[in-house]
Amino acid sequence: MHIAPARLEDARQVAEIHVTTWQSAYQGIVPAEYLASLSVDQREAMWRESIAEGVPELLVAKVEGGIVGWVAFGPCRDEGSPADPSYWSSGVGRMLWHRAQARMLEQGFKTVSAWVFTQNARAIRFYRAAGFAPDLASVKEFELGGEQVQEIRYARALE
């Protein structure tokens with residue numbers, strides 16, 4: 001596996017994984033109609049812009065030339081890391097996290113946070129294993145696709 005900064009030509013594969021991951025990970029959490037409406041073309045345009053501007057920083061994990069996962073990070077947005085579902089529990093996410101953690105430390109960041117749907121047990125296990133702790137006061141509820149969903153912020157020090 002090779003981890004490298006994303007290039008413009010990676011935007012399509014990143015977008016495909018982004019949509020597929022949401023559709024797999026959030027079944028039963030996010031309304032099915034919303035998940036079905038996700039557009040690879042729209043995500044590709046978004047990721048092209050991000051890659052061109054360098055914000056957020058985007059790293060991709062490649063196996064045999066194909067992207068199998070990615071991680072995006074940068075200054076806190078506080079207003080919400082996907083891997084191809086067929087690569088879940090294979091170590092891709094952990095490797096991406098370690099590389100992102102190193103880059104954030106190089107850039108002087110002291111803490112990191114991630115918003116997680118409260119029903120997303122797989123992501124919560126991942127973040128807890130990586131040393132993140134829930135900020136119980138951060139729980140927020142909002143409408144997504146016509147239904148109420150809940151998120152919580154997980155955070156940790158980078159040092």
# chains A, B, ... in the order shown; residues from 1 in each chain; ligands from 1

call {"tool": "residues_around", "arguments": {"residues": "Ala72 in chain A", "least_positions_apart": "3", "cutoff": "12 Å", "atoms": "only C-alpha atoms", "output": "PDB file with C-alpha atoms, in the first residue's frame"}}
result
ATOM      1  CA  ALA A   4       0.438   9.964  -1.054  1.00  0.00           C
ATOM      2  CA  PRO A   5      -1.083  13.408  -1.497  1.00  0.00           C
ATOM      3  CA  ALA A   6      -4.092  13.318  -3.830  1.00  0.00           C
ATOM      4  CA  VAL A  14     -12.097   9.676  -4.169  1.00  0.00           C
ATOM      5  CA  HIS A  18     -16.971   8.961  -0.710  1.00  0.00           C
ATOM      6  CA  TRP A  47     -12.783  17.117  -4.411  1.00  0.00           C
ATOM      7  CA  SER A  50     -10.157  20.854  -2.660  1.00  0.00           C
ATOM      8  CA  ILE A  51      -7.184  19.166  -4.327  1.00  0.00           C
ATOM      9  CA  GLY A  54      -4.941  22.182  -0.998  1.00  0.00           C
ATOM     10  CA  VAL A  55      -7.659  22.675   1.641  1.00  0.00           C
ATOM     11  CA  PRO A  56      -8.425  20.353   3.199  1.00  0.00           C
ATOM     12  CA  GLU A  57      -5.262  18.352   2.671  1.00  0.00           C
ATOM     13  CA  LEU A  58      -6.191  15.044   1.083  1.00  0.00           C
ATOM     14  CA  LEU A  59      -4.136  11.850   1.270  1.00  0.00           C
ATOM     15  CA  VAL A  60      -5.012   8.713  -0.685  1.00  0.00           C
ATOM     16  CA  ALA A  61      -4.140   5.082  -0.056  1.00  0.00           C
ATOM     17  CA  GLY A  69      -9.143   4.899   0.918  1.00  0.00           C
ATOM     18  CA  PRO A  75      -7.978  23.552  10.239  1.00  0.00           C
ATOM     19  CA  CYS A  76     -11.120  22.892  12.269  1.00  0.00           C
ATOM     20  CA  ARG A  77     -14.353  23.610  10.355  1.00  0.00           C
ATOM     21  CA  GLY A  80     -18.011  16.693   9.902  1.00  0.00           C
ATOM     22  CA  SER A  81     -12.228   8.863   6.737  1.00  0.00           C
ATOM     23  CA  PRO A  82     -13.573   6.939   4.364  1.00  0.00           C
ATOM     24  CA  ALA A  83     -12.232   3.756   2.880  1.00  0.00           C
ATOM     25  CA  GLY A  93      -7.926   3.611   7.835  1.00  0.00           C
ATOM     26  CA  LEU A  96      -4.227   6.926   6.752  1.00  0.00           C
ATOM     27  CA  TRP A  97      -4.879   8.140  10.306  1.00  0.00           C
ATOM     28  CA  ARG A  99      -0.030   9.634   8.169  1.00  0.00           C
ATOM     29  CA  ALA A 100      -2.598  12.414   8.735  1.00  0.00           C
ATOM     30  CA  GLN A 101      -1.600  12.611  12.405  1.00  0.00           C
ATOM     31  CA  ARG A 103       1.191  15.764   8.891  1.00  0.00           C
ATOM     32  CA  MET A 104      -0.975  17.623  11.429  1.00  0.00           C
ATOM     33  CA  ALA A 114     -14.110  14.432  14.100  1.00  0.00           C
TER      34      ALA A 114
END

call {"tool": "closest_atom_pairs", "arguments": {"of": "range 15-78 of chain A", "to": "range 144-149 of chain A", "cutoff": "7 Å", "atoms": "only C-alpha atoms", "output": "CSV"}}
result
residue,atom,partner,partner_atom,distance
A:Val30,CA,A:Val149,CA,6.9
A:Pro31,CA,A:Gly145,CA,5.8
A:Glu33,CA,A:Gly145,CA,6.8
A:Tyr34,CA,A:Gly145,CA,4.8

call {"tool": "write_last_selection", "arguments": {"atoms": "all heavy atoms", "output": "PDB file, in the first residue's frame"}}
result
ATOM      1  N   VAL A  30     -28.923   7.264   8.139  1.00  0.00           N
ATOM      2  CA  VAL A  30     -29.332   8.382   7.295  1.00  0.00           C
ATOM      3  C   VAL A  30     -30.445   7.881   6.372  1.00  0.00           C
ATOM      4  O   VAL A  30     -30.386   6.736   5.910  1.00  0.00           O
ATOM      5  CB  VAL A  30     -28.109   8.888   6.476  1.00  0.00           C
ATOM      6  CG1 VAL A  30     -28.504   9.910   5.450  1.00  0.00           C
ATOM      7  CG2 VAL A  30     -27.054   9.444   7.422  1.00  0.00           C
ATOM      8  N   PRO A  31     -31.448   8.701   6.101  1.00  0.00           N
ATOM      9  CA  PRO A  31     -32.551   8.255   5.236  1.00  0.00           C
ATOM     10  C   PRO A  31     -32.063   7.695   3.898  1.00  0.00           C
ATOM     11  O   PRO A  31     -31.175   8.272   3.258  1.00  0.00           O
ATOM     12  CB  PRO A  31     -33.378   9.523   5.020  1.00  0.00           C
ATOM     13  CG  PRO A  31     -33.078  10.378   6.206  1.00  0.00           C
ATOM     14  CD  PRO A  31     -31.637  10.082   6.548  1.00  0.00           C
ATOM     15  N   GLU A  33     -33.430   7.638   1.021  1.00  0.00           N
ATOM     16  CA  GLU A  33     -33.643   8.560  -0.100  1.00  0.00           C
ATOM     17  C   GLU A  33     -32.475   9.543  -0.218  1.00  0.00           C
ATOM     18  O   GLU A  33     -32.015   9.852  -1.314  1.00  0.00           O
ATOM     19  CB  GLU A  33     -34.956   9.327   0.092  1.00  0.00           C
ATOM     20  CG  GLU A  33     -35.343  10.190  -1.077  1.00  0.00           C
ATOM     21  CD  GLU A  33     -36.710  10.825  -0.874  1.00  0.00           C
ATOM     22  OE1 GLU A  33     -37.710  10.077  -0.842  1.00  0.00           O
ATOM     23  OE2 GLU A  33     -36.756  12.062  -0.744  1.00  0.00           O
ATOM     24  N   TYR A  34     -31.998  10.023   0.909  1.00  0.00           N
ATOM     25  CA  TYR A  34     -30.854  10.943   0.902  1.00  0.00           C
ATOM     26  C   TYR A  34     -29.613  10.226   0.364  1.00  0.00           C
ATOM     27  O   TYR A  34     -28.894  10.756  -0.487  1.00  0.00           O
ATOM     28  CB  TYR A  34     -30.586  11.502   2.296  1.00  0.00           C
ATOM     29  CG  TYR A  34     -29.410  12.442   2.323  1.00  0.00           C
ATOM     30  CD1 TYR A  34     -29.558  13.779   1.975  1.00  0.00           C
ATOM     31  CD2 TYR A  34     -28.141  11.980   2.654  1.00  0.00           C
ATOM     32  CE1 TYR A  34     -28.469  14.636   1.964  1.00  0.00           C
ATOM     33  CE2 TYR A  34     -27.052  12.835   2.650  1.00  0.00           C
ATOM     34  CZ  TYR A  34     -27.217  14.159   2.310  1.00  0.00           C
ATOM     35  OH  TYR A  34     -26.134  14.996   2.295  1.00  0.00           O
TER      36      TYR A  34
END

call {"tool": "atom_distance", "arguments": {"atom1": "CA of Thr111 in chain A", "atom2": "CA of Asp135 in chain A"}}
result
13.1 Å

call {"tool": "residues_around", "arguments": {"residues": "range 39-44 of chain A", "least_positions_apart": "6", "cutoff": "7 Å", "atoms": "only C-alpha atoms", "output": "PDB file with N, CA and C atoms, in the first residue's frame"}}
result
ATOM      1  N   ALA A  11      -9.474  12.644  -8.143  1.00  0.00           N
ATOM      2  CA  ALA A  11     -10.753  13.168  -7.649  1.00  0.00           C
ATOM      3  C   ALA A  11     -11.931  12.228  -7.926  1.00  0.00           C
ATOM      4  N   ARG A  12     -11.976  11.611  -9.082  1.00  0.00           N
ATOM      5  CA  ARG A  12     -13.105  10.736  -9.415  1.00  0.00           C
ATOM      6  C   ARG A  12     -13.145   9.528  -8.481  1.00  0.00           C
ATOM      7  N   ALA A  15     -14.211  10.529  -5.035  1.00  0.00           N
ATOM      8  CA  ALA A  15     -15.652  10.784  -5.021  1.00  0.00           C
ATOM      9  C   ALA A  15     -16.454   9.483  -5.012  1.00  0.00           C
ATOM     10  N   GLU A  16     -16.021   8.514  -5.797  1.00  0.00           N
ATOM     11  CA  GLU A  16     -16.723   7.219  -5.834  1.00  0.00           C
ATOM     12  C   GLU A  16     -16.677   6.553  -4.461  1.00  0.00           C
ATOM     13  N   VAL A  19     -19.015   8.470  -1.924  1.00  0.00           N
ATOM     14  CA  VAL A  19     -20.437   8.140  -2.068  1.00  0.00           C
ATOM     15  C   VAL A  19     -20.711   6.701  -1.629  1.00  0.00           C
TER      16      VAL A  19
END

call {"tool": "residues_around", "arguments": {"residues": "Arg122 in chain A", "least_positions_apart": "3", "cutoff": "10 Å", "atoms": "only C-alpha atoms", "output": "PyMOL selection string"}}
result
chain A and resi 25+88-89+119+125-127

call {"tool": "closest_residue", "arguments": {"among": "A:Ala129, A:Ile67, A:Ala123, A:Leu158", "to": "Glu106 in chain A", "atoms": "only C-alpha atoms"}}
result
A:Leu158

call {"tool": "select_by_dssp", "arguments": {"residues": "range 32-151 of chain A", "states": "alpha helix (DSSP H)", "output": "PyMOL selection string"}}
result
chain A and resi 32-37+40-53+92-106+121-129

call {"tool": "write_last_selection", "arguments": {"atoms": "C-alpha atoms", "output": "PDB file, in the first residue's frame"}}
result
ATOM      1  CA  ALA A  32     -32.259   5.894   2.249  1.00  0.00           C
ATOM      2  CA  GLU A  33     -33.643   8.560  -0.100  1.00  0.00           C
ATOM      3  CA  TYR A  34     -30.854  10.943   0.902  1.00  0.00           C
ATOM      4  CA  LEU A  35     -28.187   8.269   0.410  1.00  0.00           C
ATOM      5  CA  ALA A  36     -29.593   7.404  -3.026  1.00  0.00           C
ATOM      6  CA  SER A  37     -29.426  11.084  -4.003  1.00  0.00           C
ATOM      7  CA  VAL A  40     -20.432  11.092  -7.585  1.00  0.00           C
ATOM      8  CA  ASP A  41     -20.228  13.941 -10.127  1.00  0.00           C
ATOM      9  CA  GLN A  42     -20.948  16.562  -7.455  1.00  0.00           C
ATOM     10  CA  ARG A  43     -18.457  15.014  -5.035  1.00  0.00           C
ATOM     11  CA  GLU A  44     -15.852  14.832  -7.787  1.00  0.00           C
ATOM     12  CA  ALA A  45     -16.236  18.567  -8.462  1.00  0.00           C
ATOM     13  CA  MET A  46     -15.921  19.272  -4.734  1.00  0.00           C
ATOM     14  CA  TRP A  47     -12.783  17.117  -4.411  1.00  0.00           C
ATOM     15  CA  ARG A  48     -11.208  18.621  -7.549  1.00  0.00           C
ATOM     16  CA  GLU A  49     -11.567  22.059  -5.984  1.00  0.00           C
ATOM     17  CA  SER A  50     -10.157  20.854  -2.660  1.00  0.00           C
ATOM     18  CA  ILE A  51      -7.184  19.166  -4.327  1.00  0.00           C
ATOM     19  CA  ALA A  52      -6.457  22.263  -6.437  1.00  0.00           C
ATOM     20  CA  GLU A  53      -6.642  24.579  -3.414  1.00  0.00           C
ATOM     21  CA  VAL A  92      -6.151   1.211   5.476  1.00  0.00           C
ATOM     22  CA  GLY A  93      -7.926   3.611   7.835  1.00  0.00           C
ATOM     23  CA  ARG A  94      -5.312   3.151  10.548  1.00  0.00           C
ATOM     24  CA  MET A  95      -2.464   3.840   8.110  1.00  0.00           C
ATOM     25  CA  LEU A  96      -4.227   6.926   6.752  1.00  0.00           C
ATOM     26  CA  TRP A  97      -4.879   8.140  10.306  1.00  0.00           C
ATOM     27  CA  HIS A  98      -1.201   7.748  11.265  1.00  0.00           C
ATOM     28  CA  ARG A  99      -0.030   9.634   8.169  1.00  0.00           C
ATOM     29  CA  ALA A 100      -2.598  12.414   8.735  1.00  0.00           C
ATOM     30  CA  GLN A 101      -1.600  12.611  12.405  1.00  0.00           C
ATOM     31  CA  ALA A 102       2.050  13.039  11.438  1.00  0.00           C
ATOM     32  CA  ARG A 103       1.191  15.764   8.891  1.00  0.00           C
ATOM     33  CA  MET A 104      -0.975  17.623  11.429  1.00  0.00           C
ATOM     34  CA  LEU A 105       1.849  17.533  13.993  1.00  0.00           C
ATOM     35  CA  GLU A 106       4.274  18.855  11.342  1.00  0.00           C
ATOM     36  CA  ALA A 121     -20.709   2.003  15.851  1.00  0.00           C
ATOM     37  CA  ARG A 122     -17.933   1.077  13.405  1.00  0.00           C
ATOM     38  CA  ALA A 123     -16.579   4.662  13.244  1.00  0.00           C
ATOM     39  CA  ILE A 124     -16.884   5.078  17.009  1.00  0.00           C
ATOM     40  CA  ARG A 125     -14.824   1.907  17.555  1.00  0.00           C
ATOM     41  CA  PHE A 126     -12.206   3.227  15.126  1.00  0.00           C
ATOM     42  CA  TYR A 127     -11.932   6.629  16.790  1.00  0.00           C
ATOM     43  CA  ARG A 128     -11.826   5.157  20.306  1.00  0.00           C
ATOM     44  CA  ALA A 129      -9.061   2.751  19.240  1.00  0.00           C
TER      45      ALA A 129
END

call {"tool": "atom_distance", "arguments": {"atom1": "CA of Asp10 in chain A", "atom2": "CA of Trp115 in chain A"}}
result
24.7 Å
